[in-house]
Structures are given as structure tokens and as C-alpha cells.
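Okay, target18.cif is below, mmCIF, C-alpha atoms:
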```cif
data_entry
loop_
_atom_site.group_PDB
_atom_site.id
_atom_site.type_symbol
_atom_site.label_atom_id
_atom_site.label_comp_id
_atom_site.auth_asym_id
_atom_site.auth_seq_id
_atom_site.Cartn_x
_atom_site.Cartn_y
_atom_site.Cartn_z
ATOM 1 C CA MET D 1 14.066 64.219 -18.892
ATOM 2 C CA SER D 2 16.765 61.830 -20.124
ATOM 3 C CA LEU D 3 16.319 59.672 -23.220
ATOM 4 C CA THR D 4 16.348 56.593 -21.013
ATOM 5 C CA ALA D 5 13.468 57.944 -18.905
ATOM 6 C CA VAL D 6 11.448 58.718 -22.053
ATOM 7 C CA LEU D 7 11.998 55.190 -23.371
ATOM 8 C CA ARG D 8 11.016 53.615 -20.056
ATOM 9 C CA ALA D 9 7.755 55.584 -20.093
ATOM 10 C CA LEU D 10 7.009 54.815 -23.753
ATOM 11 C CA PRO D 11 4.926 51.598 -23.335
ATOM 12 C CA GLY D 12 2.567 53.476 -21.002
ATOM 13 C CA HIS D 13 1.788 55.962 -23.798
ATOM 14 C CA LEU D 14 0.774 53.212 -26.231
ATOM 15 C CA ASN D 15 -2.881 52.157 -26.052
ATOM 16 C CA ASN D 16 -2.688 49.257 -28.506
ATOM 17 C CA GLN D 17 -1.265 45.891 -27.402
ATOM 18 C CA ARG D 18 0.353 45.632 -30.846
ATOM 19 C CA PRO D 19 1.291 49.222 -31.707
ATOM 20 C CA THR D 20 2.506 50.124 -35.171
ATOM 21 C CA LEU D 21 5.834 51.810 -35.840
ATOM 22 C CA GLY D 22 3.751 54.855 -36.729
ATOM 23 C CA ASP D 23 2.131 54.773 -33.268
ATOM 24 C CA ILE D 24 5.568 54.601 -31.661
ATOM 25 C CA LEU D 25 6.862 57.458 -33.814
ATOM 26 C CA ALA D 26 3.881 59.616 -32.841
ATOM 27 C CA ALA D 27 4.291 58.779 -29.139
ATOM 28 C CA LEU D 28 7.936 59.836 -29.247
ATOM 29 C CA ASP D 29 7.061 63.026 -31.129
ATOM 30 C CA GLU D 30 7.951 62.978 -34.817
ATOM 31 C CA ARG D 31 10.428 65.840 -34.297
ATOM 32 C CA ALA D 32 12.581 63.890 -31.826
ATOM 33 C CA THR D 33 14.814 62.335 -34.482
ATOM 34 C CA PRO D 34 17.675 61.179 -32.188
ATOM 35 C CA LEU D 35 15.175 59.488 -29.876
ATOM 36 C CA VAL D 36 13.527 57.648 -32.773
ATOM 37 C CA LEU D 37 16.942 56.591 -34.103
ATOM 38 C CA LEU D 38 17.876 55.298 -30.674
ATOM 39 C CA LEU D 39 14.711 53.255 -30.245
ATOM 40 C CA PHE D 40 14.853 51.749 -33.748
ATOM 41 C CA ALA D 41 18.561 50.877 -33.358
ATOM 42 C CA ILE D 42 18.056 48.928 -30.120
ATOM 43 C CA PRO D 43 16.310 45.873 -31.712
ATOM 44 C CA ALA D 44 19.276 45.489 -34.059
ATOM 45 C CA ILE D 45 21.448 44.867 -30.999
ATOM 46 C CA VAL D 46 19.097 43.206 -28.514
ATOM 47 C CA PRO D 47 17.871 39.743 -29.661
ATOM 48 C CA THR D 48 14.180 40.011 -30.545
ATOM 49 C CA PRO D 49 12.509 36.587 -30.951
ATOM 50 C CA GLY D 50 9.530 36.535 -33.303
ATOM 51 C CA ILE D 51 10.446 39.758 -35.106
ATOM 52 C CA PRO D 52 12.539 40.098 -38.298
ATOM 53 C CA ALA D 53 14.198 43.008 -36.498
ATOM 54 C CA GLY D 54 16.886 43.637 -39.097
ATOM 55 C CA MET D 55 14.482 43.980 -41.988
ATOM 56 C CA VAL D 56 11.795 45.943 -40.098
ATOM 57 C CA PHE D 57 13.928 48.390 -38.145
ATOM 58 C CA GLY D 58 16.690 48.568 -40.741
ATOM 59 C CA SER D 59 14.127 49.682 -43.331
ATOM 60 C CA ALA D 60 12.720 52.283 -40.941
ATOM 61 C CA LEU D 61 16.209 53.596 -40.137
ATOM 62 C CA ALA D 62 17.045 53.789 -43.844
ATOM 63 C CA PHE D 63 14.116 56.124 -44.518
ATOM 64 C CA ILE D 64 14.991 58.242 -41.475
ATOM 65 C CA GLY D 65 18.619 58.454 -42.641
ATOM 66 C CA ILE D 66 17.535 59.633 -46.103
ATOM 67 C CA GLN D 67 15.330 62.330 -44.587
ATOM 68 C CA MET D 68 18.178 63.507 -42.345
ATOM 69 C CA ALA D 69 20.550 63.600 -45.333
ATOM 70 C CA ILE D 70 18.233 65.886 -47.318
ATOM 71 C CA GLY D 71 17.515 68.096 -44.309
ATOM 72 C CA THR D 72 13.885 67.157 -43.613
ATOM 73 C CA LYS D 73 12.659 68.846 -40.438
ATOM 74 C CA ARG D 74 9.893 66.393 -39.559
ATOM 75 C CA ILE D 75 10.515 62.650 -39.817
ATOM 76 C CA ARG D 76 7.927 60.486 -41.590
ATOM 77 C CA LEU D 77 7.754 56.783 -42.392
ATOM 78 C CA PRO D 78 6.288 55.296 -45.585
ATOM 79 C CA LEU D 79 2.812 53.872 -44.968
ATOM 80 C CA GLY D 80 3.909 50.261 -45.471
ATOM 81 C CA ILE D 81 6.597 50.579 -42.784
ATOM 82 C CA ALA D 82 4.530 52.800 -40.476
ATOM 83 C CA GLN D 83 1.839 50.099 -40.330
ATOM 84 C CA LEU D 84 4.223 47.318 -39.234
ATOM 85 C CA ARG D 85 3.386 46.144 -35.719
ATOM 86 C CA ILE D 86 5.372 45.055 -32.695
ATOM 87 C CA GLY D 87 3.958 43.379 -29.583
ATOM 88 C CA ARG D 88 3.840 45.681 -26.562
ATOM 89 C CA GLN D 89 5.332 42.939 -24.365
ATOM 90 C CA GLN D 90 8.201 42.500 -26.815
ATOM 91 C CA LEU D 91 8.797 46.246 -26.768
ATOM 92 C CA GLU D 92 8.828 46.250 -22.960
ATOM 93 C CA ARG D 93 11.293 43.332 -22.963
ATOM 94 C CA ILE D 94 13.625 45.119 -25.404
ATOM 95 C CA LEU D 95 13.544 48.330 -23.387
ATOM 96 C CA GLY D 96 13.945 46.474 -20.104
ATOM 97 C CA LYS D 97 17.181 44.882 -21.328
ATOM 98 C CA SER D 98 18.627 47.991 -22.948
ATOM 99 C CA THR D 99 17.728 50.992 -20.758
ATOM 100 C CA PRO D 100 20.093 50.173 -17.834
ATOM 101 C CA HIS D 101 23.045 50.178 -20.255
ATOM 102 C CA LEU D 102 21.820 53.330 -22.000
ATOM 103 C CA GLU D 103 21.526 55.089 -18.669
ATOM 104 C CA LYS D 104 25.207 54.417 -17.945
ATOM 105 C CA LEU D 105 26.186 55.762 -21.369
ATOM 106 C CA GLU D 106 24.071 58.893 -20.959
ATOM 107 C CA ARG D 107 25.863 59.819 -17.722
ATOM 108 C CA ARG D 108 29.137 60.091 -19.666
ATOM 109 C CA LEU D 109 27.795 62.480 -22.324
ATOM 110 C CA SER D 110 28.058 66.263 -22.366
ATOM 111 C CA VAL D 111 28.002 69.158 -24.837
ATOM 112 C CA ARG D 112 31.394 69.274 -26.596
ATOM 113 C CA LEU D 113 33.062 69.377 -30.030
ATOM 114 C CA GLY D 114 30.152 71.284 -31.565
ATOM 115 C CA CYS D 115 31.653 71.230 -35.079
ATOM 116 C CA LEU D 116 30.240 67.708 -35.478
ATOM 117 C CA ILE D 117 26.692 68.798 -34.587
ATOM 118 C CA THR D 118 26.183 71.508 -37.217
ATOM 119 C CA PRO D 119 23.236 71.192 -39.676
ATOM 120 C CA LEU D 120 25.613 70.240 -42.510
ATOM 121 C CA ALA D 121 27.323 67.637 -40.311
ATOM 122 C CA ILE D 122 23.949 66.197 -39.331
ATOM 123 C CA GLN D 123 23.054 65.786 -43.013
ATOM 124 C CA SER D 124 26.294 63.837 -43.539
ATOM 125 C CA ILE D 125 25.500 61.731 -40.461
ATOM 126 C CA GLY D 126 22.117 60.981 -42.065
ATOM 127 C CA ALA D 127 23.921 59.480 -45.067
ATOM 128 C CA VAL D 128 26.041 57.328 -42.728
ATOM 129 C CA ILE D 129 22.914 56.172 -40.884
ATOM 130 C CA PHE D 130 21.343 55.229 -44.229
ATOM 131 C CA ILE D 131 24.337 53.003 -45.052
ATOM 132 C CA MET D 132 24.274 51.431 -41.578
ATOM 133 C CA ALA D 133 20.528 50.822 -41.954
ATOM 134 C CA LEU D 134 21.093 48.948 -45.221
ATOM 135 C CA LEU D 135 23.644 46.737 -43.451
ATOM 136 C CA ILE D 136 21.152 46.112 -40.643
ATOM 137 C CA ALA D 137 18.430 45.179 -43.141
ATOM 138 C CA LEU D 138 20.642 42.781 -45.135
ATOM 139 C CA PRO D 139 20.592 39.112 -44.041
ATOM 140 C CA ILE D 140 24.260 39.120 -43.017
ATOM 141 C CA PRO D 141 25.085 36.581 -40.271
ATOM 142 C CA PHE D 142 25.726 38.560 -37.056
ATOM 143 C CA GLY D 143 25.716 41.643 -39.271
ATOM 144 C CA ASN D 144 23.193 43.692 -37.275
ATOM 145 C CA THR D 145 25.179 44.390 -34.130
ATOM 146 C CA LEU D 146 27.993 46.717 -35.229
ATOM 147 C CA PRO D 147 25.831 48.909 -37.513
ATOM 148 C CA GLY D 148 23.146 48.994 -34.810
ATOM 149 C CA LEU D 149 25.699 50.096 -32.202
ATOM 150 C CA ALA D 150 26.989 52.774 -34.576
ATOM 151 C CA VAL D 151 23.479 54.213 -35.039
ATOM 152 C CA LEU D 152 22.809 53.989 -31.301
ATOM 153 C CA ILE D 153 25.976 55.914 -30.386
ATOM 154 C CA LEU D 154 25.344 58.488 -33.136
ATOM 155 C CA SER D 155 21.804 59.035 -31.847
ATOM 156 C CA LEU D 156 23.044 59.552 -28.281
ATOM 157 C CA GLY D 157 25.684 61.985 -29.521
ATOM 158 C CA LEU D 158 23.133 63.972 -31.511
ATOM 159 C CA ALA D 159 20.642 64.049 -28.640
ATOM 160 C CA HIS D 160 23.224 65.330 -26.145
ATOM 161 C CA ARG D 161 25.155 67.448 -28.684
ATOM 162 C CA ASP D 162 28.259 65.460 -27.822
ATOM 163 C CA GLY D 163 30.651 65.620 -30.766
ATOM 164 C CA ILE D 164 33.014 63.076 -29.232
ATOM 165 C CA ALA D 165 30.193 60.510 -29.093
ATOM 166 C CA VAL D 166 29.333 61.366 -32.705
ATOM 167 C CA ALA D 167 32.976 60.843 -33.699
ATOM 168 C CA ALA D 168 32.970 57.480 -31.894
ATOM 169 C CA GLY D 169 29.788 56.500 -33.718
ATOM 170 C CA LEU D 170 31.296 57.447 -37.077
ATOM 171 C CA GLY D 171 34.426 55.434 -36.288
ATOM 172 C CA LEU D 172 32.315 52.426 -35.378
ATOM 173 C CA ALA D 173 30.339 52.896 -38.606
ATOM 174 C CA VAL D 174 33.582 52.610 -40.598
ATOM 175 C CA ILE D 175 34.487 49.412 -38.726
ATOM 176 C CA ALA D 176 30.969 48.032 -39.297
ATOM 177 C CA ALA D 177 31.194 48.747 -43.026
ATOM 178 C CA VAL D 178 34.610 47.049 -43.302
ATOM 179 C CA VAL D 179 33.493 43.981 -41.320
ATOM 180 C CA SER D 180 30.230 43.643 -43.266
ATOM 181 C CA THR D 181 32.067 44.000 -46.590
ATOM 182 C CA ALA D 182 34.534 41.316 -45.506
ATOM 183 C CA ILE D 183 31.703 38.964 -44.490
ATOM 184 C CA ILE D 184 29.867 39.504 -47.783
ATOM 185 C CA GLY D 185 33.071 39.117 -49.803
ATOM 186 C CA GLY D 186 34.085 35.983 -47.889
ATOM 187 C CA SER D 187 30.649 34.438 -48.284
ATOM 188 C CA TRP D 188 30.632 35.158 -52.015
ATOM 189 C CA ARG D 189 34.099 33.631 -52.366
ATOM 190 C CA LEU D 190 32.959 30.464 -50.569
ATOM 191 C CA ILE D 191 29.966 30.204 -52.906
ATOM 192 C CA GLU D 192 32.246 30.561 -55.938
ATOM 193 C CA ILE D 193 34.592 27.843 -54.623
ATOM 194 C CA PHE D 194 31.640 25.547 -53.915
ATOM 195 C CA LEU D 195 30.205 26.024 -57.409
ATOM 196 C CA LYS D 196 33.576 25.358 -59.042
ATOM 197 C CA GLU D 197 34.134 22.097 -57.146
ATOM 198 C CA PRO D 198 33.488 19.060 -59.366
ATOM 199 C CA LEU D 199 30.404 17.071 -58.427
ATOM 200 C CA LEU D 200 31.456 13.612 -57.293
ATOM 201 C CA ILE D 201 28.948 10.862 -58.014
ATOM 202 C CA SER D 202 29.665 7.475 -56.517
ATOM 203 C CA ALA D 203 29.125 4.438 -58.714
#
```

Re-express the file's structure as C-alpha cells.
Amino acid sequence: MSLTAVLRALPGHLNNQRPTLGDILAALDERATPLVLLLFAIPAIVPTPGIPAGMVFGSALAFIGIQMAIGTKRIRLPLGIAQLRIGRQQLERILGKSTPHLEKLERRLSVRLGCLITPLAIQSIGAVIFIMALLIALPIPFGNTLPGLAVLILSLGLAHRDGIAVAAGLGLAVIAAVVSTAIIGGSWRLIEIFLKEPLLISA
């Protein structure tokens, strides 16, 4: 079964109308790391009204990235994050918007360039995902999309053992890091200029 088919079926496996992230993780099977990465990256790209998607899913992705980097076999979430809830209707809306595009991407993937899917490479990818997750979690204007796309493409590459997709995801991660650094640096520079401007008080 494709990742897209699993995601489409996910809401039907959730009994609660407001499932926790822990419920979702259990429904996906805690061992299916690429699938969990994929699902948690989607809200960083798809607008999600009513949910602080960057903070919630960025934090979850950060912990998953750390566990990948140290070689953990079974993914866990800290209790505080695992107990965060998302409305089932919101989840269905997110998946409804994203799965048609994911399906098109999946058709282009195949097993190739296996040197980027070795256990050591996957640990390095975990470190990259951790950095992308921090960028997703930070309140950077329009800063979620590129890191979210990088994690999404990396997760697809890992799931299908497609080293070319992994390489594309790593390249996008570099671009996301550069863009986010530029936005943060530019914003800080504007703040410095504003604070240095003399305060004009009219008589």
C-alpha cells in the first residue's frame, strides 16, 4: 500500500474526534518513521487555521529527528507533545488537500542511489530534519514552507529508498536554511535600525 493510501485511510482508524499526536503515531505504527515524518511535515506546508502548526508539528519533528540521529529504532514523543490534540475534521481537510499532490510525487519514486539510504546516512538525515524542525517551530514569517517541503521530500525518499529524492530533500534543506538565516538576519538588522533612529517628538 502506498503512503498516500495509508494517509487517506488514517482518519478512519482514529476513534476520537480530537485525537492526540500520540494516537496518530500509534495508528501509523510507531516503527513507520518516514510515514510519521511525512504526516507531521504536511501541516507546515498546508495552511491549518486554528492550529499553531509550526510550533506543534515542528516540536514533534524535532524530537523525531533527534531519535533518528542517535539511531533509535522505535520513535516516541515526549508526553507533553504526544498529548497535543488536533481536530479530526482539520486532519481530514489537511490530508484531502495534500494527498493528490503526494500521489503524483510517489509515482516518480523508485529504488536508486542506495548510498544515501544507509543506516549512517539516515542518522545524518535525522540531524538535518532536526534543524528543519527548529526552523518550522520558529515564528519566522513564511518560514515554515521550505523546511516543511524539505522534510516531506526526505520522508518520501526514505520510504521509497530513493536516494535521488533524498538528495533533492537535502538540497532543499540547504536552501531553506539559507533563506531562513537571511530572513532572521534581515529582521534583526531592521530592529537595530529602528532602535537607533532618534525619537522625534513634535512640540

In file coordinates, which residues lie within 12 Å of (28.7, 71.0, -35.5) using all atoms listed in the file, given as a PDB file with C-alpha atoms, in the frame of the given file?
```
ATOM      1  CA  VAL D 111      28.002  69.158 -24.837  1.00  0.00           C
ATOM      2  CA  ARG D 112      31.394  69.274 -26.596  1.00  0.00           C
ATOM      3  CA  LEU D 113      33.062  69.377 -30.030  1.00  0.00           C
ATOM      4  CA  GLY D 114      30.152  71.284 -31.565  1.00  0.00           C
ATOM      5  CA  CYS D 115      31.653  71.230 -35.079  1.00  0.00           C
ATOM      6  CA  LEU D 116      30.240  67.708 -35.478  1.00  0.00           C
ATOM      7  CA  ILE D 117      26.692  68.798 -34.587  1.00  0.00           C
ATOM      8  CA  THR D 118      26.183  71.508 -37.217  1.00  0.00           C
ATOM      9  CA  PRO D 119      23.236  71.192 -39.676  1.00  0.00           C
ATOM     10  CA  LEU D 120      25.613  70.240 -42.510  1.00  0.00           C
ATOM     11  CA  ALA D 121      27.323  67.637 -40.311  1.00  0.00           C
ATOM     12  CA  ILE D 122      23.949  66.197 -39.331  1.00  0.00           C
ATOM     13  CA  GLN D 123      23.054  65.786 -43.013  1.00  0.00           C
ATOM     14  CA  SER D 124      26.294  63.837 -43.539  1.00  0.00           C
ATOM     15  CA  ILE D 125      25.500  61.731 -40.461  1.00  0.00           C
ATOM     16  CA  GLY D 157      25.684  61.985 -29.521  1.00  0.00           C
ATOM     17  CA  LEU D 158      23.133  63.972 -31.511  1.00  0.00           C
ATOM     18  CA  ARG D 161      25.155  67.448 -28.684  1.00  0.00           C
ATOM     19  CA  ASP D 162      28.259  65.460 -27.822  1.00  0.00           C
ATOM     20  CA  GLY D 163      30.651  65.620 -30.766  1.00  0.00           C
ATOM     21  CA  ILE D 164      33.014  63.076 -29.232  1.00  0.00           C
ATOM     22  CA  VAL D 166      29.333  61.366 -32.705  1.00  0.00           C
ATOM     23  CA  ALA D 167      32.976  60.843 -33.699  1.00  0.00           C
TER      24      ALA D 167
END
```

_Applying 12 Å and all atoms listed in the file, which residues near Leu84 (chain D) remain after dropping the ones on its own chain fewer than 5 positions away? List them as number ranges by chain._
D: 18-25, 51-53, 55-57, 59-60, 77-79

*Run the PyMOL selection byres ((chain D and resi 75) around 10) on the file and write out the hits as a PyMOL selection string.*
chain D and resi 25+29-33+36+63-68+71-74+76-77

_Translate the PyMOL selection byres ((chain D and resi 143) around 10) into a concrete residue list for this structure, as a PyMOL selection string._
chain D and resi 44-45+54+135-142+144-148+176-177+179-181+183-184

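Comparing D:Ile193, D:Leu10, D:Ile129, D:Ile153 by their smallest distance to Arg108 (chain D), the closest is D:Ile153 (using all atoms listed in the file).
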
*Give as JSON, numbers by chain the residues that the PyMOL selection byres ((chain D and resi 41) around 8) matches when applied to the coordinates above.*
{"D": [37, 38, 39, 40, 42, 43, 44, 45, 57, 58, 61, 148, 149, 151, 152]}

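The gap separating CA of Leu172 (chain D) from CA of Ala150 (chain D) is 5.4 Å, in Å to one decimal.
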
*Quick one: pull the distance between CA of Gly186 (chain D) and CA of Phe130 (chain D), Å, one decimal.*
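Between CA of Gly186 (chain D) and CA of Phe130 (chain D) the gap is 23.4 Å.
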
_For a quick check of understanding, using only C-alpha atoms, which of D:Ser110, D:Ala26, D:Val46, D:Leu102 has the smallest distance to Ala82 (chain D)?_
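Using only C-alpha atoms, Ala82 (chain D) sits closest to D:Ala26.
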
*asked:* What does the structure give for the distance between CA of Ala127 (chain D) and CA of Leu3 (chain D), in Å to one decimal?
replied: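 Atom-to-atom, CA of Ala127 (chain D) and CA of Leu3 (chain D) are spaced 23.1 Å apart.
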
*Nearest residue to Pro100 (chain D) from the set D:Ile70, D:Ala5, D:Ala173, D:Val128 (distances using all atoms listed in the file)*: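 Nearest candidate to Pro100 (chain D) out of D:Ile70, D:Ala5, D:Ala173, D:Val128: D:Ala5.
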
_With 12 Å as the threshold, what does the neighbourhood of (21.3, 53.4, -16.5) contain in terms of residues, counting all atoms listed in the file? Coordinates are those of the file; answer as a list of chain:residue names._
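The residues near that point, listed by chain and number, are D:Ser2, D:Leu3, D:Thr4, D:Ala5, D:Leu7, D:Arg8, D:Leu95, D:Gly96, D:Lys97, D:Ser98, D:Thr99, D:Pro100, D:His101, D:Leu102, D:Glu103, D:Lys104, D:Leu105, D:Glu106, D:Arg107, D:Arg108.
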
Might I get the box with edges along x, y and z of the file that holds all atoms of region 54-59 of chain D listed there, padded by 6 Å on every side, given as centre and edge lengths in Å to one decimal, as AutoDock Vina command-line options?
```
--center_x 14.3 --center_y 46.7 --center_z -40.7 --size_x 17.1 --size_y 18.0 --size_z 17.2
```
